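**Q** Dumping the structure here so I can ask a few things about it.
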Amino acid sequence: MSRVVGFTTTIPVEVLFAANCVPLDLNNLFITDKDPIHFIEIAEKDGFPRSMCNWTKGIYGVVKEKKIGTVVTVMVGDCSNTEALSEILSHKGVEVIPFAYPYDRDRDTLKKEIEKFMRLFSVDESALKKVEREIQSVRRLLKKVDELTYRDGLISGYENHVWLVQASDMKGDYRAYKEMLKSFLKEKMEGEKREGIRLAYVGVPPIILDLYEFIEGKGGYVVFNEIQRQFSLPYFRCDIVERYLRYTYPYGIFARIEDIRREIRKRNVKGIIHYVQTFCFRIMEDLILKDTFDLPILTIEGELPKPLDTRTKLRIEAFLEMLKSR
Ligand code: SF4
């Protein structure tokens with residue numbers, strides 16, 4: 001049986017596939033469960049404080065309940081909670097493998113980190129190259145999903161979010177994922193063109209369960225999912241090191257702003273939804289985003305994996321009304 005390896009955020013997943021492992025993004029396992037809150041309860045029962053991010057608690061709950069024996073934790077370039085989470089997982093007997101993106105986006109440092117990662121999983125260059133070629137063909141299909149959203153109006157913002165967010169682990173089996181993706185695209189090519197107020201969604205993926213459904217039900221159309229698109233690594237004709245250097249998420253808000261600016265222009269976006277997670281340090285980045293972009297920005301904060309509350313629904317409706325009247 002293949003070895004299951006969990007991870008806390010996007011890593012060079014090509015290496016794990018080349019090692020014949022089953023990579024699983026713990027965030028995806030948490031949020032797609034039919035009862036995600038119970039993972040948070042597992043963490044709180046074990047002593048995690050109430051006043052901390054529920055994604056971190058959800059990840060812990062998933063590792064514990066599903067008895068995941070090995071977890072790759074991204075120590076630099078993701079979350080300020082990961083160091084303590086790694087220590088707790090180690091303490092509980094989980095094999096923890098740290099991975100760090102270089103904060104200064106230095107190519108040599110990232111190259112060494114990927115080579116170390118390859119050695120740990122006994123992956124050689126030729127095995128990696130073979131898997132990379134296959135995975136790049138999946139990434140091209142994901143790019144198509146994105147184009148059919150913002151260019152052709154054939155895919156909803158929610159569908160775009162789901163497919164791109166799953167790109168981090170390709171559901172543990174990139175070949176099966178590719179087949180699913182192909183049938184989805186085939187079905188969508190024949191669908192109807194949708195319209196709406198063109199929006200960008202920036203920030204980490206939402207913990208709120210019905211956010212897209214509500215926005216798109218009220219006349220909004222999310223044509224850009226910033227971080228989710230980054231998870232799909234739409235970067236071609238480059239080696240693995242270059243691909244993960246062009247990936248903006250680990251390299252701070254300014255790397256992200258460059259990408260957001262280019263994409264909102266290209267996609268003719270009229271307003272921005274900035275999603276922030278309660279107790280997340282990234283909330284502070286809202287200040288920089290609001291100072292940087294001229295477009296109207298609505299900041300939405302989510303805490304638990306639950307449907308939207310009434311107050312946030314009213315704020316979204318008012319935001320869409322305001323954009324409509326502009
Ligand atoms: S939402 Fe923020 S605090 Fe929570 S896991 Fe993600 S980066 Fe960390």
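Simple scheme: letters A, B, ... for chains in structure tokens order, numbers from 1 for residues in each chain, numbers from 1 for ligands in the order shown.
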Residues within 12 Å of segment 43-56 of chain A, please, as number ranges by chain. Count only C-alpha atoms; anything in the same chain fewer than 5 positions from it doesn't count.
**A** A: 7-9, 26-31, 36-38, 61-65, 73, 78-86, 88-89, 92, 204-208, 276-283, 301-306
**Q** Export, as an mmCIF file, in the first residue's frame, the selected residues with C-alpha atoms.
**A**
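Just written: out_25.cif:
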```cif
data_model
loop_
_atom_site.group_PDB
_atom_site.id
_atom_site.type_symbol
_atom_site.label_atom_id
_atom_site.label_comp_id
_atom_site.auth_asym_id
_atom_site.auth_seq_id
_atom_site.Cartn_x
_atom_site.Cartn_y
_atom_site.Cartn_z
ATOM 1 C CA PHE A 7 0.793 18.387 4.364
ATOM 2 C CA THR A 8 -0.208 21.728 5.851
ATOM 3 C CA THR A 9 -0.115 23.840 2.687
ATOM 4 C CA LEU A 26 -4.952 18.367 5.301
ATOM 5 C CA ASN A 27 -6.927 21.579 4.708
ATOM 6 C CA ASN A 28 -8.905 19.871 1.949
ATOM 7 C CA LEU A 29 -9.629 16.825 4.108
ATOM 8 C CA PHE A 30 -10.837 19.115 6.883
ATOM 9 C CA ILE A 31 -13.119 21.405 4.895
ATOM 10 C CA PRO A 36 -15.746 19.704 9.691
ATOM 11 C CA ILE A 37 -16.555 21.174 13.101
ATOM 12 C CA HIS A 38 -15.886 17.851 14.816
ATOM 13 C CA GLY A 61 -8.113 17.025 14.201
ATOM 14 C CA VAL A 62 -7.747 15.442 10.754
ATOM 15 C CA VAL A 63 -4.249 14.077 11.504
ATOM 16 C CA LYS A 64 -5.447 12.637 14.794
ATOM 17 C CA GLU A 65 -8.704 11.084 13.603
ATOM 18 C CA THR A 73 4.830 21.083 7.644
ATOM 19 C CA ASP A 78 2.663 29.878 5.212
ATOM 20 C CA CYS A 79 1.395 30.196 8.739
ATOM 21 C CA SER A 80 2.757 31.539 12.003
ATOM 22 C CA ASN A 81 1.046 28.670 13.871
ATOM 23 C CA THR A 82 2.862 25.892 12.020
ATOM 24 C CA GLU A 83 5.930 25.787 14.253
ATOM 25 C CA ALA A 84 3.887 25.029 17.363
ATOM 26 C CA LEU A 85 1.607 22.675 15.415
ATOM 27 C CA SER A 86 4.691 20.738 14.229
ATOM 28 C CA ILE A 88 2.554 19.155 18.999
ATOM 29 C CA LEU A 89 2.348 16.617 16.158
ATOM 30 C CA LYS A 92 2.044 12.980 19.637
ATOM 31 C CA VAL A 204 -6.872 32.282 1.932
ATOM 32 C CA PRO A 205 -9.720 29.981 0.845
ATOM 33 C CA PRO A 206 -12.860 30.535 2.925
ATOM 34 C CA ILE A 207 -13.897 28.432 5.895
ATOM 35 C CA ILE A 208 -17.468 29.698 5.319
ATOM 36 C CA VAL A 276 -9.703 36.913 6.296
ATOM 37 C CA GLN A 277 -9.760 34.204 8.918
ATOM 38 C CA THR A 278 -10.448 35.044 12.556
ATOM 39 C CA PHE A 279 -7.211 34.945 14.623
ATOM 40 C CA CYS A 280 -5.049 34.855 11.467
ATOM 41 C CA PHE A 281 -2.067 37.207 11.281
ATOM 42 C CA ARG A 282 -2.928 37.842 7.618
ATOM 43 C CA ILE A 283 -5.827 40.065 8.755
ATOM 44 C CA GLU A 301 -14.095 37.524 8.194
ATOM 45 C CA GLY A 302 -14.906 33.879 8.821
ATOM 46 C CA GLU A 303 -14.344 31.824 11.939
ATOM 47 C CA LEU A 304 -16.087 28.453 11.769
ATOM 48 C CA PRO A 305 -16.990 26.055 8.949
ATOM 49 C CA LYS A 306 -20.600 27.213 8.900
#
```
**Q** Looking only at the backbone, which of the residues in segment 189-308 of chain A does DSSP tag as strand (DSSP E or B), as a list in words?
**A**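 Secondary structure check on segment 189-308 of chain A, strand (DSSP E or B): Ile197, Arg198, Leu199, Ala200, Tyr201, Val202, Gly220, Tyr221, Val222, Val223, Phe224, Asn225, Gly271, Ile272, Ile273, His274, Tyr275, Val276, Gln277, Ile297, Leu298, Thr299, Ile300, Glu301 and Gly302 of chain A.
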**Q** List the spatial neighbours of segment 259-266 of chain A as a compact mmCIF listing (two decimals) with C-alpha atoms, in the first residue's frame - criterion: any atom at most 8 Å away, only C-alpha atoms, same-chain residues fewer than 5 positions off excluded.
**A**
```
# COMPACT_ATOMS: atom_id res chain seq x y z
CA ALA A 200 -11.97 39.00 -7.41
CA PHE A 224 -10.56 35.45 -10.05
CA GLU A 226 -6.27 34.48 -6.16
CA THR A 248 3.42 33.92 -4.96
```
**Q** In Å, how far is it from atom CA of Lys144 of chain A to atom CA of Cys21 of chain A?
**A**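 Atom CA of Cys21 of chain A lies at a distance of 27.1 Å from atom CA of Lys144 of chain A.
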**Q** Check the smallest atom-to-atom distance from each of A:Met284, A:Leu120, A:Val131, A:Leu245 to ligand 1 using only C-alpha atoms and all ligand atoms, then report the winner.
**A**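 Residue with the minimum atom-to-atom distance to ligand 1: A:Met284.
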**Q** Can you tell me, as a list of chain:residue names, what residues are no more than 9 Å from Arg139 of chain A when counting only C-alpha atoms, ignoring any on the same chain fewer than 2 positions away?
**A**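 Answer for this query is A:Ile135, A:Gln136, A:Ser137, A:Leu141, A:Leu142, A:Lys143, A:Lys144, A:Ala167, A:Ser232, A:Leu233, A:Pro234, A:Tyr235, A:Phe236.
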**Q** Those residues with C-alpha atoms, as a PDB file, in the first residue's frame please?
**A**
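Final output, saved to out.pdb:
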```pdb
ATOM      1  CA  ILE A 135       1.393  16.772 -13.820  1.00  0.00           C
ATOM      2  CA  GLN A 136       2.025  19.709 -16.113  1.00  0.00           C
ATOM      3  CA  SER A 137      -0.651  18.300 -18.410  1.00  0.00           C
ATOM      4  CA  LEU A 141      -6.369  21.622 -17.826  1.00  0.00           C
ATOM      5  CA  LEU A 142      -6.671  23.679 -14.641  1.00  0.00           C
ATOM      6  CA  LYS A 143      -5.596  26.735 -16.617  1.00  0.00           C
ATOM      7  CA  LYS A 144      -8.405  25.908 -19.019  1.00  0.00           C
ATOM      8  CA  ALA A 167      -4.809  21.212  -7.228  1.00  0.00           C
ATOM      9  CA  SER A 232      -2.783  25.300  -9.407  1.00  0.00           C
ATOM     10  CA  LEU A 233       0.700  26.669 -10.315  1.00  0.00           C
ATOM     11  CA  PRO A 234      -0.163  27.860 -13.825  1.00  0.00           C
ATOM     12  CA  TYR A 235       3.489  28.189 -14.763  1.00  0.00           C
ATOM     13  CA  PHE A 236       4.819  26.303 -17.761  1.00  0.00           C
TER      14      PHE A 236
END
```
**Q** Nearest to Tyr60 of chain A: which of A:Val162, A:Val72, A:Ile42, A:Leu199 is it, counting only C-alpha atoms?
**A** A:Ile42
**Q** Provide the atom CA of Arg229 of chain A to atom CA of Ile253 of chain A distance in Å, to one decimal place.
**A**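 The value is 15.6 Å.
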**Q** For ligand 1, which residue out of A:Glu159, A:Glu192, A:Asp146, A:Glu285 is the nearest one, using only C-alpha atoms and all ligand atoms?
**A**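 Comparing A:Glu159, A:Glu192, A:Asp146, A:Glu285 against ligand 1, the winner is A:Glu285.
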**Q** Leaving out Gln166 of chain A and any residue of its chain fewer than 5 positions from it, which residues lie within 10 Å of it when counting only C-alpha atoms, given as a list in words?
**A**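 The neighbour list is Leu24, Asp25, Asn27, Asn28, His161, Lys171, Gly172, Tyr177, Gln228, Phe231 and Ser232 of chain A.
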**Q** Could you give me, as an MDAnalysis selection string, the residues within 9 Å of segment 106-109 of chain A, counting only C-alpha atoms and dropping anything in the same chain fewer than 5 positions from it?
**A** chainID A and resid 101 114 241:242 245
**Q** Which residues come within 7 Å of Tyr103 of chain A, counting only C-alpha atoms, excluding same-chain residues fewer than 3 positions away, as a list in words?
**A**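 Once the adjacent positions are removed, what remains is Val76, Gly77 and Tyr251 of chain A.
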**Q** Atom CA of Ala318 of chain A and atom CA of Trp163 of chain A, how far apart in Å?
**A**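 Separation between atom CA of Trp163 of chain A and atom CA of Ala318 of chain A: 28.7 Å.
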